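Single-structure report; data block below.
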Protein chains: 2
Amino acid sequence: MERKTANECTADQQLPALGIDPYLELMDKTTAQDADRKSIRMGLVMLWLSDNILDVMDVDLAPFGITESKLDMLLLLMLHEGRELITPSAIADRLGIRRASVTALLDWLEKRGWVSREQSAKDRRMIHVRITPEGRALVNQVLPTFWSTCASLLDDLDAEERKVFEKILSKLYQSIEKKVGVGR
Amino acid sequence: MERKTANECTADQQLPALGIDPYLELMDKTTAQDADRKSIRMGLVMLWLSDNILDVMDVDLAPFGITESKLDMLLLLMLHEGRELITPSAIADRLGIRRASVTALLDWLEKRGWVSREQSAKDRRMIHVRITPEGRALVNQVLPTFWSTCASLLDDLDAEERKVFEKILSKLYQSIEKKVGVGR
DNA sequence: CCAAATAGTTAGATTATCTAACTATGACTA
DNA sequence: TAGTCATAGTTAGATAATCTAACTATTTGG
């Protein structure tokens, strides 16, 4: 969408981005431990997939004028409707980002009328953040695309593969969760 | 590494970032087509994994003072040693970014002495880019970590699972390649 | 009542991108 | 050969998503 204006991208490229073949080549040159090669190879593919899956989602969300980070924020707020009121600090914790980043994100969303801030009466240091009806409308408009992009990632797997993959995914999830969670 | 200074991250969070549970909850509320739910669910996990896999790599590369984008560039240059000389335009095509972005990246790497630029004698519009011995040394220092991080992504899968996963990965690779490649 | 903690914001920086406009330089054509 | 067009690279300026550090209210707990 953005990456193809007139005079760019001229070469004989079949792979998007670096692709993994060059890496494989380099690996063959530099790694000694033969046993690991297959794992490394697969890890490389996972890394490449990660980059490109996020790209695909970016591209699919772009027409709605929203990004994943911002959608995340709105979804979180939507989930909180009718529950305890949520504050920027709590949002920061839930999204795993700093309070200052939440401020920036909220400023942006508020400017468009998709969220509202209100100072708490009880503790006037605190701000209650809510998604607005317009914000909710936007989310509802985006969600079908979001879900279908998610689902489309598995388009080419058959029933059998999906079944196995499900198990694998849950292992990977736990495994990465462990890695990322270390040191919190 | 960066995300845990003194007074931040105070809440009762077990999942890094938003996690997927909230998404699942929202999905159950909003999606009608029951058939797709499992796919969406798995797609969500893939999306979450993508984010976090890249994070893990970021964190592991950080101590070397380099990022994935920059390492990509150096690896590409390293692969080109002893072949035809490579130009910024060609690099842009290979990395899937704009020429202007390549300029910025090269400026940064050149400032640290890891790459060098030289005007072509034949066609004085062109620049030949090379990795320097220092750059090569850096890459060689980083690579063991890079490979081991790649391999570690599969740590928790057993032999059987790896075997199946290998096939699945190659399907996913092709599938996403197709999606990303559309419109080039 | 005052010191310490907490909540949110501001200021300023970084990384990785992008587009658009510009500067050389080379190539083709009338 | 002059004139136009294309190509290579850079510059300028923007955006998104972060970060840290410092600041301002406000509350809480002696």
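Lettering and numbering for the structure tokens are positional, with chains as A, B, ... in the shown order, residues counted from 1 in each chain, and ligands counted from 1 in the shown order.
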
Taking 3 positions as the minimum chain separation for residues in the same chain, which residues sit within 12 Å of D:DC23 when counting only C-alpha atoms (C1' of nucleotides)? Answer as a count of residues only. 4

Which residues of chain D sit at most 10 Å from chain B, using only C-alpha atoms (C1' of nucleotides)? Give each one's shortest atom pair and distance in Å (one decimal place), in chain and ascending residue order, as a Markdown table.
```
| residue | atom | partner | partner_atom | distance |
| --- | --- | --- | --- | --- |
| D:DT7 | C1' | B:Arg125 | CA | 8.1 |
| D:DA8 | C1' | B:Arg125 | CA | 5.1 |
| D:DG9 | C1' | B:Arg125 | CA | 7.1 |
| D:DT10 | C1' | B:Thr103 | CA | 7.3 |
| D:DT11 | C1' | B:Ala100 | CA | 9.0 |
| D:DC19 | C1' | B:Glu2 | CA | 8.1 |
| D:DT20 | C1' | B:Glu2 | CA | 9.7 |
```

Contact table chain A vs chain B, cut-off 6 Å, shortest pair per residue, only C-alpha atoms, as a Markdown table:
```
| residue | atom | partner | partner_atom | distance |
| --- | --- | --- | --- | --- |
| A:Cys9 | CA | B:Asp93 | CA | 5.4 |
| A:Ala17 | CA | B:Leu95 | CA | 4.3 |
| A:Leu18 | CA | B:Leu95 | CA | 4.9 |
| A:Ser39 | CA | B:Ala151 | CA | 4.8 |
| A:Ile40 | CA | B:Ala151 | CA | 4.4 |
| A:Gly43 | CA | B:Cys150 | CA | 4.2 |
| A:Leu44 | CA | B:Cys150 | CA | 5.9 |
| A:Ser50 | CA | B:Ser50 | CA | 4.0 |
| A:Asp93 | CA | B:Cys9 | CA | 5.3 |
| A:Arg94 | CA | B:Leu18 | CA | 5.6 |
| A:Leu95 | CA | B:Ala17 | CA | 4.4 |
| A:Gly96 | CA | B:Ala17 | CA | 4.5 |
| A:Trp147 | CA | B:Ile40 | CA | 5.9 |
| A:Cys150 | CA | B:Gly43 | CA | 4.3 |
| A:Ala151 | CA | B:Ile40 | CA | 4.4 |
```

Selection export as an mmCIF file, in the first residue's frame, atoms kept: all heavy atoms:
```
data_model
loop_
_atom_site.group_PDB
_atom_site.id
_atom_site.type_symbol
_atom_site.label_atom_id
_atom_site.label_comp_id
_atom_site.auth_asym_id
_atom_site.auth_seq_id
_atom_site.Cartn_x
_atom_site.Cartn_y
_atom_site.Cartn_z
ATOM 1 N N CYS A 9 11.395 0.236 -5.643
ATOM 2 C CA CYS A 9 11.289 -1.212 -5.762
ATOM 3 C C CYS A 9 11.510 -1.705 -7.185
ATOM 4 O O CYS A 9 10.611 -2.266 -7.821
ATOM 5 C CB CYS A 9 9.942 -1.712 -5.246
ATOM 6 S SG CYS A 9 9.800 -1.619 -3.475
ATOM 7 N N ALA A 17 11.103 -8.183 2.130
ATOM 8 C CA ALA A 17 12.174 -7.942 3.101
ATOM 9 C C ALA A 17 13.379 -8.821 2.760
ATOM 10 O O ALA A 17 13.536 -9.241 1.624
ATOM 11 C CB ALA A 17 11.706 -8.197 4.510
ATOM 12 N N LEU A 18 14.202 -9.068 3.740
ATOM 13 C CA LEU A 18 15.414 -9.835 3.466
ATOM 14 C C LEU A 18 15.093 -11.265 3.098
ATOM 15 O O LEU A 18 15.865 -11.926 2.433
ATOM 16 C CB LEU A 18 16.336 -9.821 4.680
ATOM 17 C CG LEU A 18 17.784 -9.417 4.471
ATOM 18 C CD1 LEU A 18 18.654 -9.917 5.593
ATOM 19 C CD2 LEU A 18 18.355 -9.800 3.133
ATOM 20 N N SER A 39 16.798 -26.163 14.206
ATOM 21 C CA SER A 39 16.101 -25.254 15.121
ATOM 22 C C SER A 39 16.314 -23.801 14.723
ATOM 23 O O SER A 39 15.382 -22.999 14.699
ATOM 24 C CB SER A 39 16.595 -25.440 16.548
ATOM 25 O OG SER A 39 16.344 -26.750 16.979
ATOM 26 N N ILE A 40 17.543 -23.489 14.411
ATOM 27 C CA ILE A 40 17.850 -22.114 14.013
ATOM 28 C C ILE A 40 17.051 -21.752 12.775
ATOM 29 O O ILE A 40 16.428 -20.697 12.696
ATOM 30 C CB ILE A 40 19.351 -21.953 13.734
ATOM 31 C CG1 ILE A 40 20.146 -22.158 15.016
ATOM 32 C CG2 ILE A 40 19.629 -20.574 13.150
ATOM 33 C CD1 ILE A 40 21.646 -22.024 14.853
ATOM 34 N N GLY A 43 13.615 -21.157 13.741
ATOM 35 C CA GLY A 43 13.537 -19.895 14.475
ATOM 36 C C GLY A 43 13.588 -18.709 13.531
ATOM 37 O O GLY A 43 12.863 -17.716 13.714
ATOM 38 N N LEU A 44 14.426 -18.821 12.526
ATOM 39 C CA LEU A 44 14.513 -17.748 11.528
ATOM 40 C C LEU A 44 13.182 -17.546 10.822
ATOM 41 O O LEU A 44 12.744 -16.418 10.625
ATOM 42 C CB LEU A 44 15.578 -18.091 10.483
ATOM 43 C CG LEU A 44 17.011 -17.771 10.864
ATOM 44 C CD1 LEU A 44 17.967 -18.346 9.817
ATOM 45 C CD2 LEU A 44 17.212 -16.272 10.986
ATOM 46 N N SER A 50 6.960 -13.356 12.126
ATOM 47 C CA SER A 50 6.544 -12.360 13.120
ATOM 48 C C SER A 50 6.475 -10.973 12.500
ATOM 49 O O SER A 50 5.469 -10.276 12.605
ATOM 50 C CB SER A 50 7.519 -12.342 14.292
ATOM 51 O OG SER A 50 7.519 -13.605 14.925
ATOM 52 N N ASP A 93 -0.006 -0.646 32.881
ATOM 53 C CA ASP A 93 0.338 -1.988 33.342
ATOM 54 C C ASP A 93 -0.220 -3.055 32.416
ATOM 55 O O ASP A 93 0.463 -4.008 32.060
ATOM 56 C CB ASP A 93 -0.197 -2.203 34.759
ATOM 57 C CG ASP A 93 0.641 -1.451 35.786
ATOM 58 O OD1 ASP A 93 1.792 -1.084 35.453
ATOM 59 O OD2 ASP A 93 0.157 -1.227 36.903
ATOM 60 N N ARG A 94 -1.472 -2.874 32.024
ATOM 61 C CA ARG A 94 -2.111 -3.888 31.191
ATOM 62 C C ARG A 94 -1.484 -3.975 29.814
ATOM 63 O O ARG A 94 -1.362 -5.051 29.241
ATOM 64 C CB ARG A 94 -3.608 -3.569 31.037
ATOM 65 C CG ARG A 94 -4.384 -3.739 32.297
ATOM 66 C CD ARG A 94 -4.528 -5.204 32.663
ATOM 67 N NE ARG A 94 -5.821 -5.717 32.284
ATOM 68 C CZ ARG A 94 -5.991 -6.783 31.508
ATOM 69 N NH1 ARG A 94 -4.971 -7.423 31.032
ATOM 70 N NH2 ARG A 94 -7.195 -7.194 31.235
ATOM 71 N N LEU A 95 -1.114 -2.822 29.269
ATOM 72 C CA LEU A 95 -0.536 -2.827 27.923
ATOM 73 C C LEU A 95 0.972 -3.026 27.949
ATOM 74 O O LEU A 95 1.605 -3.180 26.912
ATOM 75 C CB LEU A 95 -0.869 -1.527 27.184
ATOM 76 C CG LEU A 95 -2.350 -1.222 26.918
ATOM 77 C CD1 LEU A 95 -2.495 0.081 26.154
ATOM 78 C CD2 LEU A 95 -3.005 -2.355 26.137
ATOM 79 N N GLY A 96 1.546 -2.985 29.139
ATOM 80 C CA GLY A 96 2.982 -3.180 29.245
ATOM 81 C C GLY A 96 3.798 -2.018 28.712
ATOM 82 O O GLY A 96 4.906 -2.192 28.205
ATOM 83 N N TRP A 147 -10.773 -9.662 13.114
ATOM 84 C CA TRP A 147 -10.962 -11.113 13.270
ATOM 85 C C TRP A 147 -10.621 -11.845 11.983
ATOM 86 O O TRP A 147 -9.977 -12.885 12.007
ATOM 87 C CB TRP A 147 -12.408 -11.447 13.640
ATOM 88 C CG TRP A 147 -12.940 -10.846 14.899
ATOM 89 C CD1 TRP A 147 -14.191 -10.340 15.081
ATOM 90 C CD2 TRP A 147 -12.286 -10.708 16.169
ATOM 91 N NE1 TRP A 147 -14.337 -9.885 16.370
ATOM 92 C CE2 TRP A 147 -13.194 -10.094 17.056
ATOM 93 C CE3 TRP A 147 -11.001 -11.036 16.644
ATOM 94 C CZ2 TRP A 147 -12.883 -9.796 18.373
ATOM 95 C CZ3 TRP A 147 -10.694 -10.738 17.956
ATOM 96 C CH2 TRP A 147 -11.616 -10.133 18.813
ATOM 97 N N CYS A 150 -7.001 -12.144 11.484
ATOM 98 C CA CYS A 150 -6.481 -13.171 12.392
ATOM 99 C C CYS A 150 -6.717 -14.555 11.799
ATOM 100 O O CYS A 150 -5.798 -15.366 11.687
ATOM 101 C CB CYS A 150 -7.193 -13.097 13.744
ATOM 102 S SG CYS A 150 -6.610 -11.776 14.797
ATOM 103 N N ALA A 151 -7.953 -14.809 11.440
ATOM 104 C CA ALA A 151 -8.305 -16.136 10.943
ATOM 105 C C ALA A 151 -7.564 -16.464 9.651
ATOM 106 O O ALA A 151 -7.155 -17.602 9.421
ATOM 107 C CB ALA A 151 -9.808 -16.233 10.731
#
```

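Minimum atom-to-atom distances from C:DC18, C:DA13, C:DC28, C:DA7 to chain B were compared using only C-alpha atoms (C1' of nucleotides), and the lowest value belongs to C:DC18.
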
If we count only C-alpha atoms (C1' of nucleotides), which residues of chain C reach to within 9 Å of chain B? Please list them as a ChimeraX atom specification. /C:15-18,24-26

Please return, as a PyMOL selection string, all residues of chain B that DSSP assigns to strand (DSSP E or B) on the basis of the backbone. chain B and resi 86+115-119+127-131

Within 12 Å of C:DC2 using only C-alpha atoms (C1' of nucleotides), minus same-chain residues under 2 positions, as a CSV table (one decimal) with N, CA and C atoms (P, O5', C5', C4', C3', O3' and C1' of nucleotides), in the first residue's frame:
```csv
chain,number,residue,atom,x,y,z
C,4,DA,P,11.2,12.6,53.3
C,4,DA,O5',10.1,11.6,52.8
C,4,DA,C5',9.5,10.7,53.7
C,4,DA,C4',8.4,9.9,52.9
C,4,DA,C3',8.9,9.4,51.6
C,4,DA,O3',8.4,8.1,51.4
C,4,DA,C1',6.9,10.7,51.3
D,28,DT,P,-6.0,9.4,50.5
D,28,DT,O5',-4.8,8.7,51.3
D,28,DT,C5',-3.6,8.4,50.6
D,28,DT,C4',-2.5,8.2,51.6
D,28,DT,C3',-2.9,7.8,53.0
D,28,DT,O3',-2.1,6.8,53.5
D,28,DT,C1',-1.5,9.7,53.1
D,29,DG,P,-2.3,5.9,54.7
D,29,DG,O5',-0.8,5.5,55.0
D,29,DG,C5',0.3,6.3,54.7
D,29,DG,C4',1.2,6.7,55.8
D,29,DG,C3',0.7,6.3,57.2
D,29,DG,O3',1.9,6.0,58.0
D,29,DG,C1',0.7,8.6,57.2
D,30,DG,P,1.8,5.2,59.3
D,30,DG,O5',1.7,6.5,60.3
D,30,DG,C5',2.7,6.6,61.2
D,30,DG,C4',3.7,7.6,60.8
D,30,DG,C3',4.4,8.3,62.0
D,30,DG,O3',5.8,8.5,61.7
D,30,DG,C1',3.2,9.9,60.8
```

Pull the alpha helix (DSSP H) assignments for chain A out of DSSP run on the backbone, and list those residues as a ChimeraX atom specification. /A:21-30,37-61,68-80,88-95,99-111,133-152,159-181
